[in-house]
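Trainee: Just data-v4.cif, nothing more (mmCIF, C-alpha atoms):
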data_final
loop_
_atom_site.label_atom_id
_atom_site.label_comp_id
_atom_site.auth_asym_id
_atom_site.auth_seq_id
_atom_site.Cartn_x
_atom_site.Cartn_y
_atom_site.Cartn_z
CA MET A 776 0.00 0.00 0.00
CA ASN A 777 1.26 3.41 -0.98
CA PRO A 778 1.90 5.40 2.25
CA ALA A 779 1.03 8.58 0.38
CA LEU A 780 -2.61 7.56 0.47
CA PHE A 781 -2.51 8.05 4.23
CA LYS A 782 -0.74 11.40 4.14
CA SER A 783 -3.83 13.30 5.39
CA ARG A 784 -3.33 12.25 8.98
CA LYS A 785 -5.02 15.39 10.25
CA PHE A 786 -8.28 13.63 9.34
CA LEU A 787 -7.53 10.45 11.26
CA SER A 788 -8.09 11.50 14.87
CA LEU A 789 -11.38 11.18 16.71
CA ARG A 790 -12.14 13.35 19.73
CA LYS A 791 -15.18 12.86 21.88
CA SER A 792 -15.60 16.56 22.54
CA GLY A 793 -18.14 17.89 20.06
CA VAL A 794 -18.24 14.63 18.12
CA LYS A 795 -21.79 13.59 19.04
CA ASN A 796 -23.45 15.73 16.42
CA LYS A 797 -20.98 14.93 13.67
CA PRO A 798 -22.32 12.77 10.83
CA ILE A 799 -21.96 9.06 10.21
CA GLY A 800 -20.10 8.30 6.98
CA VAL A 801 -21.15 5.50 4.64
CA PHE A 802 -19.45 4.47 1.41
CA ASP A 803 -20.18 1.97 -1.32
CA SER A 804 -19.14 1.36 -4.90
CA GLY A 805 -22.52 2.58 -6.12
CA LEU A 806 -26.11 2.64 -4.86
CA GLY A 807 -26.11 -0.64 -2.91
CA GLY A 808 -25.17 1.04 0.35
CA LEU A 809 -28.54 2.78 0.36
CA THR A 810 -29.90 -0.39 1.98
CA VAL A 811 -27.70 0.41 4.96
CA VAL A 812 -28.65 4.09 4.90
CA ARG A 813 -32.33 3.15 4.93
CA GLN A 814 -31.86 1.06 8.07
CA LEU A 815 -29.69 3.73 9.73
CA ILE A 816 -32.45 6.30 9.17
CA LYS A 817 -34.99 3.95 10.78
CA LEU A 818 -32.86 3.06 13.79
CA LEU A 819 -31.02 6.36 14.27
CA PRO A 820 -33.32 9.15 13.06
CA GLY A 821 -31.34 11.85 14.84
CA GLU A 822 -28.06 11.07 13.08
CA ASP A 823 -26.79 13.06 10.12
CA ILE A 824 -25.40 10.83 7.36
CA ILE A 825 -22.88 11.47 4.60
CA TYR A 826 -23.13 8.88 1.81
CA LEU A 827 -20.43 8.44 -0.81
CA GLY A 828 -21.18 6.33 -3.88
CA ASP A 829 -18.22 5.68 -6.16
CA THR A 830 -20.48 5.53 -9.21
CA ALA A 831 -17.62 6.40 -11.57
CA ARG A 832 -15.84 3.11 -10.81
CA VAL A 833 -18.66 0.68 -10.02
CA PRO A 834 -18.51 -2.31 -9.84
CA TYR A 835 -15.64 -3.11 -7.47
CA GLY A 836 -16.22 -6.86 -7.72
CA ASN A 837 -14.06 -7.35 -10.81
CA LYS A 838 -11.14 -5.29 -9.54
CA SER A 839 -7.87 -6.51 -7.99
CA LYS A 840 -7.30 -6.51 -4.23
CA SER A 841 -4.80 -3.65 -4.42
CA THR A 842 -7.19 -1.54 -6.48
CA ILE A 843 -10.08 -2.20 -4.10
CA ILE A 844 -7.92 -1.15 -1.14
CA LYS A 845 -6.82 2.02 -2.96
CA PHE A 846 -10.41 2.97 -3.81
CA SER A 847 -11.54 2.25 -0.26
CA VAL A 848 -8.80 4.44 1.23
CA GLN A 849 -9.78 7.28 -1.09
CA ASN A 850 -13.43 6.88 -0.08
CA ALA A 851 -12.59 6.90 3.63
CA LEU A 852 -10.36 9.96 3.33
CA TYR A 853 -13.08 11.83 1.48
CA LEU A 854 -15.63 11.05 4.19
CA LEU A 855 -13.18 12.14 6.87
CA ARG A 856 -12.93 15.53 5.17
CA HIS A 857 -16.59 15.85 6.09
CA LYS A 858 -15.57 15.23 9.73
CA VAL A 859 -17.55 12.00 10.13
CA LYS A 860 -17.40 10.29 13.52
CA LEU A 861 -17.69 6.74 12.19
CA ILE A 862 -17.42 5.05 8.80
CA VAL A 863 -19.62 2.22 7.55
CA ILE A 864 -18.03 0.22 4.75
CA ALA A 865 -21.30 -0.68 3.04
CA CYS A 866 -19.55 -2.54 0.24
CA ASN A 867 -18.98 -6.26 0.74
CA THR A 868 -16.01 -6.26 -1.62
CA SER A 869 -14.33 -3.43 0.30
CA SER A 870 -15.18 -5.08 3.62
CA SER A 871 -13.59 -8.31 2.38
CA PHE A 872 -10.30 -6.78 1.26
CA ALA A 873 -9.89 -3.33 2.80
CA LEU A 874 -11.37 -3.36 6.31
CA SER A 875 -8.24 -4.70 7.99
CA GLU A 876 -6.02 -2.25 6.08
CA LEU A 877 -8.22 0.70 7.00
CA SER A 878 -8.41 -0.44 10.63
CA LYS A 879 -4.61 -0.39 10.88
CA ASN A 880 -4.32 3.14 9.50
CA PHE A 881 -7.43 5.00 10.64
CA LYS A 882 -8.41 5.87 14.19
CA VAL A 883 -12.06 6.55 13.34
CA PRO A 884 -14.39 3.62 14.23
CA LEU A 885 -15.12 1.37 11.25
CA VAL A 886 -18.02 -1.02 10.68
CA GLY A 887 -18.05 -3.58 7.86
CA VAL A 888 -20.92 -5.68 6.53
CA ILE A 889 -19.56 -9.23 6.70
CA GLU A 890 -19.65 -10.09 10.41
CA PRO A 891 -23.28 -8.96 10.93
CA GLY A 892 -24.40 -11.04 7.93
CA VAL A 893 -22.54 -14.12 9.14
CA LYS A 894 -24.13 -13.91 12.58
CA LYS A 895 -27.62 -13.55 11.14
CA ALA A 896 -27.14 -16.48 8.74
CA GLN A 897 -26.01 -18.75 11.55
CA GLN A 898 -29.18 -17.88 13.43
CA ALA A 899 -31.33 -18.38 10.33
CA THR A 900 -30.19 -21.83 9.19
CA ILE A 901 -31.79 -24.97 10.59
CA ALA A 902 -30.36 -27.45 8.09
CA LYS A 903 -26.84 -26.05 8.70
CA ARG A 904 -26.48 -25.36 4.98
CA ILE A 905 -25.76 -21.72 4.10
CA GLY A 906 -25.42 -20.23 0.64
CA ILE A 907 -23.51 -17.05 -0.16
CA ILE A 908 -23.81 -14.89 -3.26
CA GLY A 909 -21.62 -11.91 -3.98
CA THR A 910 -19.26 -10.29 -6.45
CA LYS A 911 -16.39 -12.36 -7.79
CA ALA A 912 -13.93 -10.51 -5.56
CA THR A 913 -16.01 -11.07 -2.43
CA ILE A 914 -16.50 -14.78 -3.12
CA ASP A 915 -12.87 -15.32 -4.12
CA SER A 916 -11.70 -13.59 -0.93
CA ARG A 917 -13.47 -16.33 1.09
CA ALA A 918 -14.19 -13.73 3.76
CA TYR A 919 -17.68 -15.10 4.43
CA GLN A 920 -16.73 -18.77 4.04
CA ASN A 921 -13.75 -18.54 6.40
CA ARG A 922 -15.69 -16.55 8.99
CA ILE A 923 -18.51 -19.12 9.07
CA LYS A 924 -16.10 -22.06 9.21
CA ARG A 925 -14.18 -20.51 12.12
CA GLN A 926 -17.32 -19.80 14.11
CA ALA A 927 -19.43 -22.84 13.17
CA PRO A 928 -17.33 -25.60 11.57
CA LEU A 929 -20.29 -27.99 11.27
CA ILE A 930 -22.15 -25.70 8.89
CA LYS A 931 -21.79 -26.49 5.19
CA VAL A 932 -21.17 -23.42 3.04
CA PHE A 933 -21.89 -23.05 -0.68
CA ALA A 934 -20.74 -19.90 -2.48
CA GLN A 935 -21.61 -18.48 -5.88
CA SER A 936 -20.27 -15.34 -7.52
CA CYS A 937 -22.85 -13.31 -9.47
CA PRO A 938 -20.83 -10.73 -11.44
CA LEU A 939 -23.75 -9.59 -13.61
CA PHE A 940 -26.06 -8.61 -10.73
CA VAL A 941 -24.49 -5.23 -9.93
CA PRO A 942 -24.40 -3.94 -13.53
CA LEU A 943 -28.04 -4.99 -14.01
CA ILE A 944 -29.07 -3.22 -10.80
CA GLU A 945 -27.09 -0.08 -11.57
CA GLU A 946 -28.78 -0.04 -15.00
CA GLY A 947 -32.17 -0.21 -13.28
CA TRP A 948 -33.04 -3.61 -14.81
CA LEU A 949 -34.67 -5.11 -11.74
CA ASN A 950 -37.61 -7.09 -13.15
CA GLU A 951 -36.70 -7.60 -16.79
CA GLU A 952 -36.81 -11.11 -18.23
CA VAL A 953 -33.06 -11.12 -18.81
CA THR A 954 -32.47 -10.32 -15.12
CA VAL A 955 -34.69 -13.19 -13.96
CA ASP A 956 -32.90 -15.55 -16.36
CA VAL A 957 -29.51 -14.47 -14.97
CA ILE A 958 -30.73 -15.03 -11.40
CA LYS A 959 -31.90 -18.55 -12.27
CA LYS A 960 -28.60 -19.33 -13.95
CA TYR A 961 -26.55 -18.28 -10.92
CA LEU A 962 -28.78 -19.65 -8.15
CA THR A 963 -29.80 -23.07 -9.50
CA PRO A 964 -26.62 -24.76 -8.16
CA LEU A 965 -27.31 -23.37 -4.68
CA LYS A 966 -30.89 -24.60 -4.82
CA LYS A 967 -29.66 -28.07 -5.76
CA ASN A 968 -27.40 -28.00 -2.68
CA ARG A 969 -30.51 -27.64 -0.48
CA ILE A 970 -29.46 -24.53 1.39
CA ASP A 971 -32.00 -23.01 3.79
CA ALA A 972 -30.28 -19.63 4.35
CA LEU A 973 -28.81 -17.38 1.67
CA ILE A 974 -26.53 -14.46 2.46
CA LEU A 975 -26.96 -11.59 0.03
CA GLY A 976 -23.26 -10.79 0.08
CA CYS A 977 -23.56 -7.46 -1.70
CA THR A 978 -25.60 -4.48 -0.56
CA HIS A 979 -26.93 -4.07 -4.11
CA TYR A 980 -28.67 -7.44 -4.06
CA PRO A 981 -31.72 -6.59 -1.88
CA LEU A 982 -33.13 -4.79 -4.93
CA LEU A 983 -33.49 -8.26 -6.46
CA LYS A 984 -35.07 -9.83 -3.37
CA PRO A 985 -38.49 -10.60 -4.91
CA SER A 986 -36.97 -12.41 -7.88
CA ILE A 987 -34.36 -14.20 -5.76
CA LYS A 988 -37.07 -15.35 -3.35
CA LYS A 989 -39.16 -16.61 -6.25
CA VAL A 990 -36.26 -18.64 -7.61
CA MET A 991 -35.09 -20.05 -4.25
CA GLY A 992 -38.54 -20.76 -2.77
CA LYS A 993 -40.22 -19.96 0.53
CA ASN A 994 -38.08 -22.35 2.59
CA VAL A 995 -34.88 -20.36 2.03
CA ARG A 996 -34.36 -17.37 4.31
CA LEU A 997 -32.63 -14.43 2.67
CA VAL A 998 -30.09 -12.73 4.90
CA ASP A 999 -29.76 -9.01 4.19
CA SER A 1000 -27.06 -7.66 6.47
CA ALA A 1001 -28.16 -4.01 6.17
CA LYS A 1002 -30.34 -4.11 9.29
CA GLU A 1003 -27.69 -5.98 11.26
CA VAL A 1004 -25.07 -3.42 10.22
CA ALA A 1005 -27.31 -0.57 11.37
CA LEU A 1006 -27.81 -2.31 14.72
CA SER A 1007 -24.03 -2.69 15.06
CA VAL A 1008 -23.61 1.03 14.43
CA LYS A 1009 -26.28 1.86 17.01
CA TYR A 1010 -24.63 -0.28 19.69
CA LEU A 1011 -21.17 1.05 18.86
CA ILE A 1012 -21.97 4.76 18.99
CA ASN A 1013 -23.86 4.24 22.24
CA ASP A 1014 -20.93 2.32 23.74
CA LEU A 1015 -18.50 5.04 22.64
CA GLY A 1016 -20.76 7.80 23.94
CA ILE A 1017 -20.90 9.54 20.56
CA ALA A 1018 -24.60 9.07 19.65
CA SER A 1019 -26.38 12.20 18.46
CA GLU A 1020 -28.36 14.10 21.06
CA LYS A 1021 -30.80 15.39 18.45
CA PRO A 1022 -34.34 13.94 18.74
CA GLY A 1023 -34.73 13.23 15.02
CA ASN A 1024 -34.82 14.64 11.49
CA GLY A 1025 -31.17 13.96 10.73
CA LYS A 1026 -29.96 15.27 7.37
CA VAL A 1027 -28.69 12.85 4.73
CA LYS A 1028 -26.32 14.09 2.02
CA PHE A 1029 -25.30 12.03 -0.99
CA PHE A 1030 -22.01 12.49 -2.82
CA LEU A 1031 -21.29 10.68 -6.10
CA THR A 1032 -18.15 10.38 -8.20
CA ASP A 1033 -20.16 10.36 -11.45
CA LYS A 1034 -23.32 12.08 -12.72
CA PRO A 1035 -26.19 11.38 -10.32
CA TYR A 1036 -29.24 11.18 -12.61
CA ARG A 1037 -29.56 7.37 -12.62
CA PHE A 1038 -28.53 7.10 -8.99
CA LYS A 1039 -31.30 9.48 -7.97
CA LYS A 1040 -34.00 7.70 -10.00
CA ILE A 1041 -33.16 4.19 -8.81
CA GLY A 1042 -32.06 5.30 -5.35
CA GLU A 1043 -35.41 6.85 -4.52
CA LYS A 1044 -37.13 3.54 -5.23
CA PHE A 1045 -34.55 1.76 -3.14
CA LEU A 1046 -34.55 4.20 -0.22
CA GLY A 1047 -38.32 4.62 -0.20
CA ARG A 1048 -38.04 8.40 0.01
CA GLN A 1049 -36.91 11.39 -1.98
CA LEU A 1050 -33.17 11.91 -2.29
CA LYS A 1051 -32.40 15.49 -1.43
CA PHE A 1052 -28.93 17.01 -1.28
CA VAL A 1053 -27.30 14.96 -4.05
CA TYR A 1054 -23.90 16.32 -5.11
CA LEU A 1055 -21.22 15.46 -7.65
CA VAL A 1056 -17.79 15.06 -6.05
CA LYS A 1057 -15.11 17.41 -7.30
CA GLU A 1058 -12.12 15.49 -8.55
CA SER A 1059 -9.79 17.97 -6.86
CA ASP A 1060 -11.41 17.10 -3.50
CA TYR A 1061 -11.63 13.36 -4.05
CA TYR A 1062 -8.14 12.71 -5.35
CA ALA A 1063 -6.40 15.26 -3.14
#
Write the structure described by the file as structure tokens, please.

Mentor:
Amino acid sequence: MNPALFKSRKFLSLRKSGVKNKPIGVFDSGLGGLTVVRQLIKLLPGEDIIYLGDTARVPYGNKSKSTIIKFSVQNALYLLRHKVKLIVIACNTSSSFALSELSKNFKVPLVGVIEPGVKKAQQATIAKRIGIIGTKATIDSRAYQNRIKRQAPLIKVFAQSCPLFVPLIEEGWLNEEVTVDVIKKYLTPLKKNRIDALILGCTHYPLLKPSIKKVMGKNVRLVDSAKEVALSVKYLINDLGIASEKPGNGKVKFFLTDKPYRFKKIGEKFLGRQLKFVYLVKESDYYA
């Protein structure tokens, strides 16, 4: 890792004094992290949120480990320029490859999406057969598989990369026939392996929940880690004494690295509310 990426150390300290009303930062490769934002708004209505979607470089799932780490560092540094008090890595690919690197170099609290999803899946399975779907990078990293095996070695794990899901979602093709056909193609092997819990190992994938549920059947529980991540954030900020003291109506701002028109249209369906305060990131700020 290039040490120059961490040169902005003035952004890396966290002080309790005056930090309670600072925003929570969330980043993702595109719009998938809005699932996490939606749950954060429900659980923590008084918190301000800064969301960064790296829409110029989505998807991350076909990138190398070093590139994913570099992008994740840039995302974190940008959020820290907004003086966030905590960062949620709402991208499974970044959580798989970059969380440990960021944890070693940043003092701000960090929350990833993998551990909450693993815990929920272990609670959900009765047959002790868990399926995982995610980007190629996430599946190849074995972050989910290794975590489950360490914690519950008797559980059988079946993983499937679904590299076409994110581009289809980002294009807004959620219910088209081609999308359903792709879902069937990817998920049929998992169905044959008789799983009874399926981890949606990418925060984009909840947009495809109805079609995934239809393909997998009613006996397979879908594990969407967004709610579990939001709960982890709630517990953490309370434990650290940095929860907002505002009663509600937190402001949510969205920053994108590419033009926001498609993000806004799809994101409003995903978030279930109007997206106000959507901004295009200045390259001079992002790559500083």

Trainee: Could you state which residues are captured by the PyMOL selection byres ((chain A and resi 1032-1038) around 6) in this file, as a list in words?

Mentor: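 So the PyMOL selection byres ((chain A and resi 1032-1038) around 6) ends up selecting Asp829, Thr830, Ala831, Leu1031, Lys1039, Lys1040, Ile1041, Gly1042, Leu1055 and Val1056 of chain A.
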
Trainee: Which residues match the PyMOL selection byres ((chain A and resi 827) around 6) in the file above, as a compact mmCIF listing (two decimals) with C-alpha atoms, in the frame of the given file?

Mentor:
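What follows is the written file part.txt:
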# COMPACT_ATOMS: atom_id res chain seq x y z
CA PHE A 802 -19.45 4.47 1.41
CA TYR A 826 -23.13 8.88 1.81
CA GLY A 828 -21.18 6.33 -3.88
CA PHE A 1030 -22.01 12.49 -2.82
CA LEU A 1031 -21.29 10.68 -6.10

Trainee: Quick one: contact table of segment 875-957 of chain A to segment 990-993 of chain A, 12 Å max, nearest atom pair and distance in Å to one decimal per residue, counting all atoms listed in the file, chain and number order, as JSON lines?

Mentor:
{"residue": "A:Gly906", "atom": "CA", "partner": "A:Met991", "partner_atom": "CA", "distance": 10.8}
{"residue": "A:Thr954", "atom": "CA", "partner": "A:Val990", "partner_atom": "CA", "distance": 11.8}
{"residue": "A:Val955", "atom": "CA", "partner": "A:Val990", "partner_atom": "CA", "distance": 8.5}
{"residue": "A:Asp956", "atom": "CA", "partner": "A:Val990", "partner_atom": "CA", "distance": 9.9}
{"residue": "A:Val957", "atom": "CA", "partner": "A:Val990", "partner_atom": "CA", "distance": 10.8}

Trainee: Which of these residues is nearest to Tyr980 of chain A, using only C-alpha atoms: A:Asp999, A:Asp915, A:Glu822, A:Glu946?

Mentor: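 Between A:Asp999, A:Asp915, A:Glu822, A:Glu946, the residue approaching Tyr980 of chain A most closely is A:Asp999.
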
Trainee: Could you give me, as a VMD selection string, the residues that have an atom at most 12 Å away from the point (-25.1, -8.8, -11.0) in the coordinates of the file, using all atoms listed in the file?

Mentor: chain A and resid 807 833 to 837 908 to 911 935 to 949 953 to 962 975 to 983 987

Trainee: Mind giving me the straight-line distance from atom CA of Asp1060 of chain A to atom CA of Leu877 of chain A in Å, one decimal?

Mentor: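 Separation of atom CA of Asp1060 of chain A and atom CA of Leu877 of chain A: 19.7 Å.
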
Trainee: Run the PyMOL selection byres ((chain A and resi 859) around 6) against the file shown and list the residues it catches, as a ChimeraX atom specification.

Mentor: /A:797-800,855,857-858,860-861

Trainee: Could you check the closest approach to Ile923 of chain A for each of A:Val883, A:Val863, A:Leu874, A:Ile974 and tell me which residue wins, using all atoms listed in the file?

Mentor: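 Nearest to Ile923 of chain A: A:Ile974.
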
Trainee: Between A:Ser841, A:Asn1024, A:Ser986, A:Thr963, which one has atoms that come closest to Glu876 of chain A, using all atoms listed in the file?

Mentor: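 Closest to Glu876 of chain A of all the choices is A:Ser841.
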
Trainee: So that I can see what lies close to Val998 of chain A, please list as a list in words the residues with an atom at most 7 Å from it, counting all atoms listed in the file and leaving out residues fewer than 6 positions away in the same chain.

Mentor: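 Everything that qualifies: Gly892, Lys895, Ala896, Ala972, Leu973, Ile974 and Leu975 of chain A.
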
Trainee: Hey, can you check how far atom CA of Val801 of chain A sits from atom CA of Gln1049 of chain A?

Mentor: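 Between atom CA of Val801 of chain A and atom CA of Gln1049 of chain A the gap is 18.1 Å.
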
Trainee: Identify which of the residues A:Asp971, A:Pro820, A:Ser839, A:Ser1000 lies closest to Ile889 of chain A, counting all atoms listed in the file when measuring atom-to-atom distances.

Mentor: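 For Ile889 of chain A, the nearest of the given residues is A:Ser1000.
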
Trainee: Please provide the set of residues having any atom within 12 Å of Ser875 of chain A, restricted to only C-alpha atoms, with same-chain residues fewer than 2 positions apart removed, written as an MDAnalysis selection string.

Mentor: chainID A and resid 844 847:848 864 869:873 877:881 885:887 918

Trainee: Show me as a PyMOL selection string the residues that reach within 9 Å of (-30.4, 2.3, 4.6), counting only C-alpha atoms and using the file's own coordinates.

Mentor: chain A and resi 808-817+1001-1002+1005+1045-1046

Trainee: Expressed in Å to a single decimal, how great is the separation between atom CA of Lys967 of chain A and atom CA of Gln920 of chain A?

Mentor: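 Going from atom CA of Lys967 of chain A over to atom CA of Gln920 of chain A covers 18.7 Å.
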
Trainee: May I ask which of the residues A:Leu852, A:Val1004, A:Ala1018, A:Val1027 is the closest one to Pro891 of chain A, counting all atoms listed in the file?

Mentor: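 Smallest distance to Pro891 of chain A is found for A:Val1004.
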
Trainee: Let me make sure I understand: among A:Arg969, A:Lys989, A:Lys795, A:Lys894, which one has the smallest atom-to-atom distance to Tyr919 of chain A if we use all atoms listed in the file?

Mentor: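 Under the stated criterion, the closest residue is A:Lys894.
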
Trainee: Since fewer atoms than expected are present, regenerate N, CA and C atoms for segment 986-997 of chain A and write them as an mmCIF file, keeping the file's coordinate frame.

Mentor:
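Resulting contents of result-v6.cif:
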data_model
loop_
_atom_site.group_PDB
_atom_site.id
_atom_site.type_symbol
_atom_site.label_atom_id
_atom_site.label_comp_id
_atom_site.auth_asym_id
_atom_site.auth_seq_id
_atom_site.Cartn_x
_atom_site.Cartn_y
_atom_site.Cartn_z
ATOM 1 N N SER A 986 -37.306 -11.413 -6.874
ATOM 2 C CA SER A 986 -36.970 -12.410 -7.880
ATOM 3 C C SER A 986 -36.111 -13.534 -7.301
ATOM 4 N N ILE A 987 -35.195 -13.180 -6.405
ATOM 5 C CA ILE A 987 -34.360 -14.200 -5.760
ATOM 6 C C ILE A 987 -35.231 -15.127 -4.921
ATOM 7 N N LYS A 988 -36.170 -14.542 -4.186
ATOM 8 C CA LYS A 988 -37.070 -15.350 -3.350
ATOM 9 C C LYS A 988 -37.904 -16.286 -4.209
ATOM 10 N N LYS A 989 -38.343 -15.790 -5.351
ATOM 11 C CA LYS A 989 -39.160 -16.610 -6.250
ATOM 12 C C LYS A 989 -38.365 -17.803 -6.763
ATOM 13 N N VAL A 990 -37.101 -17.571 -7.084
ATOM 14 C CA VAL A 990 -36.260 -18.640 -7.610
ATOM 15 C C VAL A 990 -35.903 -19.654 -6.515
ATOM 16 N N MET A 991 -35.568 -19.159 -5.322
ATOM 17 C CA MET A 991 -35.090 -20.050 -4.250
ATOM 18 C C MET A 991 -36.227 -20.738 -3.494
ATOM 19 N N GLY A 992 -37.424 -20.137 -3.472
ATOM 20 C CA GLY A 992 -38.540 -20.760 -2.770
ATOM 21 C C GLY A 992 -38.688 -20.251 -1.348
ATOM 22 N N LYS A 993 -39.863 -20.517 -0.770
ATOM 23 C CA LYS A 993 -40.220 -19.960 0.530
ATOM 24 C C LYS A 993 -39.437 -20.556 1.702
ATOM 25 N N ASN A 994 -38.791 -21.696 1.495
ATOM 26 C CA ASN A 994 -38.080 -22.350 2.590
ATOM 27 C C ASN A 994 -36.645 -21.837 2.780
ATOM 28 N N VAL A 995 -36.227 -20.923 1.916
ATOM 29 C CA VAL A 995 -34.880 -20.360 2.030
ATOM 30 C C VAL A 995 -34.980 -18.941 2.577
ATOM 31 N N ARG A 996 -34.349 -18.708 3.713
ATOM 32 C CA ARG A 996 -34.360 -17.370 4.310
ATOM 33 C C ARG A 996 -33.248 -16.530 3.703
ATOM 34 N N LEU A 997 -33.613 -15.346 3.241
ATOM 35 C CA LEU A 997 -32.630 -14.430 2.670
ATOM 36 C C LEU A 997 -32.060 -13.549 3.772
#
